[in-house]
$ cat coords.cif   # mmCIF, C-alpha atoms
data_work
#
loop_
_atom_site.label_atom_id
_atom_site.label_comp_id
_atom_site.auth_asym_id
_atom_site.auth_seq_id
_atom_site.Cartn_x
_atom_site.Cartn_y
_atom_site.Cartn_z
CA MET F 1 16.67 -10.94 9.57
CA ASN F 2 17.21 -8.43 6.80
CA ASP F 3 18.30 -4.81 7.36
CA GLN F 4 14.73 -3.51 7.37
CA GLN F 5 13.69 -6.02 10.02
CA LEU F 6 16.74 -5.22 12.13
CA LEU F 7 15.72 -1.58 12.06
CA ARG F 8 11.98 -2.16 12.54
CA TYR F 9 12.45 -4.40 15.57
CA SER F 10 15.57 -2.69 16.94
CA ARG F 11 13.89 -1.60 20.18
CA HIS F 12 13.15 -5.24 21.01
CA ILE F 13 16.62 -6.35 19.92
CA LEU F 14 18.13 -3.82 22.34
CA LEU F 15 16.45 -5.63 25.24
CA ASP F 16 18.88 -8.26 26.53
CA PRO F 17 16.19 -10.78 27.54
CA ILE F 18 14.85 -10.68 23.94
CA GLY F 19 17.74 -9.73 21.65
CA ILE F 20 18.13 -11.04 18.12
CA GLU F 21 17.33 -14.63 19.12
CA GLY F 22 14.07 -13.67 20.76
CA GLN F 23 13.01 -11.49 17.86
CA GLU F 24 13.76 -14.33 15.45
CA ARG F 25 11.51 -16.55 17.54
CA PHE F 26 8.72 -13.99 17.12
CA LEU F 27 9.23 -13.94 13.35
CA THR F 28 8.90 -17.72 13.07
CA ALA F 29 6.12 -18.12 15.65
CA ARG F 30 2.43 -18.82 15.18
CA ALA F 31 -0.12 -17.42 17.63
CA LEU F 32 -3.77 -18.41 17.75
CA VAL F 33 -6.00 -15.54 18.89
CA ILE F 34 -9.51 -16.73 19.72
CA GLY F 35 -11.80 -13.72 19.60
CA ALA F 36 -11.31 -10.54 17.58
CA GLY F 37 -13.25 -8.28 19.95
CA GLY F 38 -12.35 -6.14 22.94
CA LEU F 39 -9.46 -8.30 24.14
CA GLY F 40 -8.40 -9.79 20.84
CA SER F 41 -8.08 -6.38 19.19
CA PRO F 42 -5.20 -4.98 21.29
CA ALA F 43 -3.65 -8.42 21.74
CA ALA F 44 -3.49 -9.07 18.00
CA LEU F 45 -2.31 -5.53 17.22
CA TYR F 46 0.65 -5.81 19.57
CA LEU F 47 1.55 -9.31 18.38
CA ALA F 48 1.56 -8.10 14.79
CA ALA F 49 3.52 -4.96 15.69
CA ALA F 50 6.09 -7.12 17.48
CA GLY F 51 6.60 -9.17 14.32
CA VAL F 52 4.93 -12.48 15.19
CA GLY F 53 5.17 -14.35 11.90
CA THR F 54 1.71 -15.87 11.71
CA LEU F 55 -1.48 -14.85 13.48
CA ALA F 56 -4.50 -17.13 13.23
CA LEU F 57 -7.47 -14.90 14.06
CA ALA F 58 -10.61 -16.86 14.96
CA ASP F 59 -14.02 -15.26 15.39
CA GLY F 60 -17.38 -16.32 13.98
CA ASP F 61 -19.11 -13.00 14.69
CA THR F 62 -19.64 -9.90 12.58
CA VAL F 63 -18.85 -6.30 13.49
CA ASP F 64 -21.69 -4.40 15.15
CA LEU F 65 -21.88 -0.67 15.83
CA THR F 66 -21.91 -1.37 19.59
CA ASN F 67 -18.49 -3.07 19.26
CA LEU F 68 -16.70 0.10 18.16
CA GLN F 69 -16.58 1.60 21.67
CA ARG F 70 -13.74 -0.80 22.52
CA GLN F 71 -12.92 -3.20 19.65
CA ILE F 72 -10.14 -1.14 18.09
CA LEU F 73 -9.42 -3.51 15.20
CA HIS F 74 -12.64 -2.35 13.57
CA THR F 75 -14.13 0.88 12.17
CA GLU F 76 -17.57 2.02 11.06
CA ALA F 77 -16.70 0.81 7.56
CA SER F 78 -16.35 -2.69 9.03
CA VAL F 79 -19.91 -2.90 10.41
CA GLY F 80 -21.55 -6.05 9.08
CA ARG F 81 -18.26 -7.66 8.03
CA PRO F 82 -16.83 -10.80 9.69
CA LYS F 83 -14.60 -9.68 12.56
CA ALA F 84 -11.80 -12.01 11.48
CA GLU F 85 -11.69 -10.43 8.01
CA SER F 86 -11.90 -6.87 9.33
CA GLY F 87 -9.16 -7.72 11.83
CA ARG F 88 -6.92 -9.16 9.13
CA ASP F 89 -7.14 -5.94 7.13
CA ALA F 90 -6.20 -3.81 10.15
CA LEU F 91 -3.30 -6.07 11.12
CA GLN F 92 -1.86 -6.18 7.62
CA ARG F 93 -1.99 -2.39 7.40
CA LEU F 94 0.00 -2.28 10.63
CA ASN F 95 2.57 -4.91 9.61
CA PRO F 96 2.41 -6.38 6.11
CA GLU F 97 5.08 -8.93 7.06
CA THR F 98 2.77 -10.69 9.51
CA ARG F 99 0.72 -13.42 7.87
CA VAL F 100 -2.87 -13.29 9.14
CA GLU F 101 -5.00 -16.40 8.69
CA VAL F 102 -8.73 -15.71 8.85
CA ILE F 103 -10.89 -18.23 10.72
CA ALA F 104 -14.35 -16.71 10.38
CA ARG F 105 -16.13 -19.38 12.41
CA ARG F 106 -16.42 -20.60 15.97
CA LEU F 107 -13.73 -23.19 16.59
CA GLU F 108 -15.04 -26.44 18.04
CA GLY F 109 -14.09 -30.10 18.40
CA ALA F 110 -11.47 -31.49 16.00
CA ASP F 111 -11.35 -28.13 14.20
CA LEU F 112 -10.31 -26.41 17.42
CA GLU F 113 -7.72 -29.06 18.25
CA ALA F 114 -6.20 -28.81 14.78
CA GLU F 115 -5.69 -25.05 15.16
CA VAL F 116 -4.32 -25.36 18.70
CA ALA F 117 -1.90 -28.07 17.52
CA LYS F 118 -0.39 -25.70 14.96
CA ALA F 119 0.07 -22.81 17.42
CA ASP F 120 3.08 -21.97 19.58
CA VAL F 121 0.85 -19.98 21.95
CA VAL F 122 -2.92 -19.62 22.31
CA LEU F 123 -4.68 -16.46 23.48
CA ASP F 124 -8.20 -16.89 24.85
CA CYS F 125 -9.89 -13.56 24.11
CA CYS F 126 -13.44 -14.91 23.94
CA ASP F 127 -16.46 -14.03 26.09
CA ASN F 128 -18.10 -17.30 27.12
CA PHE F 129 -17.27 -20.18 29.44
CA ALA F 130 -18.10 -22.95 26.95
CA THR F 131 -15.40 -21.77 24.55
CA ARG F 132 -12.94 -21.07 27.35
CA HIS F 133 -13.26 -24.62 28.64
CA ALA F 134 -13.02 -26.14 25.17
CA VAL F 135 -9.86 -24.13 24.46
CA ASN F 136 -8.40 -25.14 27.83
CA ARG F 137 -9.04 -28.83 27.18
CA ALA F 138 -7.36 -28.60 23.79
CA CYS F 139 -4.34 -26.75 25.18
CA VAL F 140 -3.88 -29.27 28.00
CA LYS F 141 -4.26 -32.22 25.63
CA LEU F 142 -1.76 -30.82 23.14
CA GLY F 143 0.65 -29.25 25.61
CA LYS F 144 0.23 -25.66 24.45
CA PRO F 145 0.55 -22.56 26.67
CA LEU F 146 -2.71 -20.64 27.13
CA VAL F 147 -2.97 -16.93 27.92
CA SER F 148 -6.47 -16.28 29.26
CA GLY F 149 -8.02 -12.85 29.79
CA ALA F 150 -11.45 -11.52 30.72
CA ALA F 151 -13.00 -8.07 31.13
CA VAL F 152 -16.52 -6.98 32.07
CA ARG F 153 -17.87 -3.83 33.70
CA PHE F 154 -14.76 -2.42 35.45
CA ASP F 155 -13.24 -5.80 36.40
CA GLY F 156 -10.43 -7.50 34.52
CA GLN F 157 -8.39 -10.64 35.01
CA ILE F 158 -5.54 -12.44 33.29
CA SER F 159 -3.51 -15.59 33.86
CA VAL F 160 -1.28 -18.04 32.02
CA PHE F 161 -2.04 -21.76 32.06
CA ASP F 162 0.99 -23.73 30.91
CA THR F 163 0.72 -27.38 31.88
CA ARG F 164 4.12 -28.07 30.36
CA GLN F 165 5.39 -26.79 33.71
CA PRO F 166 5.34 -29.26 36.65
CA GLY F 167 2.45 -28.65 39.03
CA ALA F 168 0.87 -25.94 36.86
CA PRO F 169 -2.92 -25.55 37.11
CA CYS F 170 -5.24 -25.30 34.13
CA TYR F 171 -8.28 -23.08 33.59
CA HIS F 172 -10.58 -25.84 34.86
CA CYS F 173 -8.71 -25.87 38.19
CA LEU F 174 -9.74 -22.24 38.67
CA PHE F 175 -13.25 -22.37 37.19
CA PRO F 176 -14.52 -25.97 37.23
CA GLU F 177 -16.84 -26.64 34.33
CA GLY F 178 -20.41 -27.38 35.34
CA GLU F 179 -20.31 -25.43 38.59
CA ASP F 180 -22.77 -22.60 39.14
CA VAL F 181 -20.62 -19.82 37.70
CA GLU F 182 -22.43 -16.70 36.55
CA GLU F 183 -22.02 -16.05 32.82
CA VAL F 184 -21.41 -12.29 32.60
CA ARG F 185 -21.11 -10.70 29.17
CA CYS F 186 -20.41 -7.20 27.93
CA ALA F 187 -23.59 -7.21 25.84
CA THR F 188 -25.74 -7.29 28.97
CA MET F 189 -23.50 -5.85 31.69
CA GLY F 190 -21.39 -3.27 29.84
CA VAL F 191 -17.63 -2.84 29.90
CA PHE F 192 -15.24 0.08 30.42
CA ALA F 193 -13.53 0.51 27.05
CA PRO F 194 -9.90 1.02 28.21
CA LEU F 195 -10.15 -2.04 30.47
CA THR F 196 -10.25 -4.34 27.44
CA GLY F 197 -7.18 -2.55 26.12
CA ILE F 198 -5.29 -3.05 29.38
CA ILE F 199 -6.07 -6.77 29.68
CA GLY F 200 -5.64 -7.49 25.97
CA THR F 201 -2.27 -5.73 25.94
CA LEU F 202 -1.18 -7.77 28.95
CA GLN F 203 -2.19 -10.92 27.07
CA ALA F 204 0.11 -9.90 24.23
CA ALA F 205 2.92 -9.25 26.71
CA GLU F 206 2.55 -12.70 28.29
CA ALA F 207 2.38 -14.36 24.87
CA LEU F 208 5.55 -12.62 23.71
CA LYS F 209 7.41 -13.62 26.88
CA LEU F 210 6.36 -17.22 26.31
CA LEU F 211 7.55 -17.10 22.70
CA ALA F 212 10.88 -15.49 23.56
CA GLY F 213 11.40 -17.64 26.66
CA CYS F 214 12.13 -14.60 28.81
CA GLY F 215 10.99 -13.27 32.14
CA GLN F 216 8.43 -14.75 34.50
CA THR F 217 4.93 -15.36 33.24
CA LEU F 218 1.65 -15.27 35.16
CA GLY F 219 1.66 -19.05 35.39
CA GLY F 220 0.21 -20.03 38.77
CA ARG F 221 -1.04 -16.50 39.38
CA LEU F 222 -4.30 -14.72 38.63
CA LEU F 223 -3.92 -10.97 38.19
CA LEU F 224 -7.09 -9.00 38.98
CA LEU F 225 -7.77 -5.35 38.16
CA ASP F 226 -10.47 -3.07 39.54
CA ALA F 227 -10.35 -0.24 36.99
CA LEU F 228 -12.64 2.01 39.07
CA THR F 229 -10.03 2.27 41.82
CA MET F 230 -7.10 1.17 39.60
CA GLU F 231 -6.08 -1.42 42.16
CA TRP F 232 -4.37 -4.68 41.28
CA ARG F 233 -4.52 -7.93 43.24
CA THR F 234 -2.65 -11.17 42.71
CA VAL F 235 -4.13 -14.53 43.67
CA ARG F 236 -1.95 -17.63 43.80
CA LEU F 237 -3.40 -20.60 41.94
CA GLN F 238 -2.95 -24.24 42.83
CA LYS F 239 -3.30 -27.28 40.63
CA ASP F 240 -6.32 -29.43 41.53
CA PRO F 241 -5.02 -33.01 41.81
CA GLY F 242 -8.51 -34.25 41.05
CA CYS F 243 -9.02 -32.02 38.02
CA PRO F 244 -10.56 -34.13 35.22
CA VAL F 245 -8.72 -32.07 32.59
CA CYS F 246 -5.14 -31.82 33.88
CA GLY F 247 -5.12 -33.89 37.09
CA SER F 248 -3.37 -36.87 35.53
CA ARG F 249 -0.59 -34.79 33.96
#

$ encode --input "coords.cif" --output "structure tokens"
Amino acid sequence: MNDQQLLRYSRHILLDPIGIEGQERFLTARALVIGAGGLGSPAALYLAAAGVGTLALADGDTVDLTNLQRQILHTEASVGRPKAESGRDALQRLNPETRVEVIARRLEGADLEAEVAKADVVLDCCDNFATRHAVNRACVKLGKPLVSGAAVRFDGQISVFDTRQPGAPCYHCLFPEGEDVEEVRCATMGVFAPLTGIIGTLQAAEALKLLAGCGQTLGGRLLLLDALTMEWRTVRLQKDPGCPVCGSR
């Protein structure tokens, strides 16, 4: 690190569990953020502020006026622009040293696997089960840690799925694909704006701990927040031995 970096990131370097070695890991790391909306906005902002070297920002949607209530990467001037491009501009204003790669499309199939393969950590900040399951399958297949968050109405949740760890569950263990799970989206149900900030910020925190190799992650735990009462609950997660995605690992 040069003198400017030592000064810029000094408050991380002062933390013994991170220190210079951890900050250097941030600077050389690559994070894949899938979704540049309510969750992806605060997650990406904190990853960039922390000095993560490369952020791949994937989102095939464009900015809409209804997004601005919570999607803090974007402004009124961004309406109609691809979210990934608008997000890149905001992140580079915050930290010009962070390289932001724009992926202005929905990642699928081999394209998704190629991006997951390049990442050191993957953040699922999307809003639909099909993408969540596709991302989970790719992360399990390629052995990449996945930080998954969700927020709708006043309810938020976050967990870490890291099948590199013995006995760790994957997303499919918690929400089996194909079961009758209600698809709830902000566009139809609404969402409390600060809730996305809380969960997205926690996703950044878990991603940074994974990159630095410090602390205890939310692996094997699902953290639930009721923002109306501001009550937190923790649910222990178990690996499903018969899971078709991670059961043989």

$ closest_residue --input "coords.cif" --among "F:Ala48, F:Leu32, F:Leu107, F:Cys170" --to "Val245 in chain F" --atoms "only C-alpha atoms"
F:Cys170

$ residues_around --input "coords.cif" --residues "Arg8 in chain F" --least-positions-apart "2" --cutoff "12 Å" --atoms "only C-alpha atoms" --output "PyMOL selection string"
chain F and resi 1-6+10-14+23+49-51+95+97

$ atom_distance --input "coords.cif" --atom1 "CA of Pro241 in chain F" --atom2 "CA of Ala204 in chain F"
29.5 Å

$ residues_around --input "coords.cif" --residues "Met230 in chain F" --least-positions-apart "2" --cutoff "12 Å" --atoms "all atoms listed in the file" --output "list in words"
Phe154, Asp155, Gly156, Pro194, Leu195, Ile198, Leu224, Leu225, Asp226, Ala227, Leu228, Trp232 and Arg233 of chain F

$ closest_residue --input "coords.cif" --among "F:Leu210, F:Leu142, F:Leu73, F:Ile199" --to "Arg93 in chain F" --atoms "only C-alpha atoms"
F:Leu73

$ resolve_selection --input "coords.cif" --expression "the PyMOL selection byres ((chain F and resi 141) around 12)" --output "PDB file with C-alpha atoms, keeping the file's coordinate frame"
ATOM      1  CA  LEU F 112     -10.310 -26.410  17.420  1.00  0.00           C
ATOM      2  CA  GLU F 113      -7.720 -29.060  18.250  1.00  0.00           C
ATOM      3  CA  ALA F 114      -6.200 -28.810  14.780  1.00  0.00           C
ATOM      4  CA  VAL F 116      -4.320 -25.360  18.700  1.00  0.00           C
ATOM      5  CA  ALA F 117      -1.900 -28.070  17.520  1.00  0.00           C
ATOM      6  CA  ALA F 134     -13.020 -26.140  25.170  1.00  0.00           C
ATOM      7  CA  VAL F 135      -9.860 -24.130  24.460  1.00  0.00           C
ATOM      8  CA  ASN F 136      -8.400 -25.140  27.830  1.00  0.00           C
ATOM      9  CA  ARG F 137      -9.040 -28.830  27.180  1.00  0.00           C
ATOM     10  CA  ALA F 138      -7.360 -28.600  23.790  1.00  0.00           C
ATOM     11  CA  CYS F 139      -4.340 -26.750  25.180  1.00  0.00           C
ATOM     12  CA  VAL F 140      -3.880 -29.270  28.000  1.00  0.00           C
ATOM     13  CA  LEU F 142      -1.760 -30.820  23.140  1.00  0.00           C
ATOM     14  CA  GLY F 143       0.650 -29.250  25.610  1.00  0.00           C
ATOM     15  CA  LYS F 144       0.230 -25.660  24.450  1.00  0.00           C
ATOM     16  CA  PRO F 145       0.550 -22.560  26.670  1.00  0.00           C
ATOM     17  CA  LEU F 146      -2.710 -20.640  27.130  1.00  0.00           C
ATOM     18  CA  ASP F 162       0.990 -23.730  30.910  1.00  0.00           C
ATOM     19  CA  THR F 163       0.720 -27.380  31.880  1.00  0.00           C
ATOM     20  CA  ARG F 164       4.120 -28.070  30.360  1.00  0.00           C
ATOM     21  CA  CYS F 170      -5.240 -25.300  34.130  1.00  0.00           C
ATOM     22  CA  PRO F 244     -10.560 -34.130  35.220  1.00  0.00           C
ATOM     23  CA  VAL F 245      -8.720 -32.070  32.590  1.00  0.00           C
ATOM     24  CA  CYS F 246      -5.140 -31.820  33.880  1.00  0.00           C
ATOM     25  CA  GLY F 247      -5.120 -33.890  37.090  1.00  0.00           C
ATOM     26  CA  SER F 248      -3.370 -36.870  35.530  1.00  0.00           C
ATOM     27  CA  ARG F 249      -0.590 -34.790  33.960  1.00  0.00           C
TER      28      ARG F 249
END

$ residues_around --input "coords.cif" --residues "Gly35 in chain F" --least-positions-apart "5" --cutoff "6 Å" --atoms "all atoms listed in the file" --output "ChimeraX atom specification"
/F:40,58-59,125-126
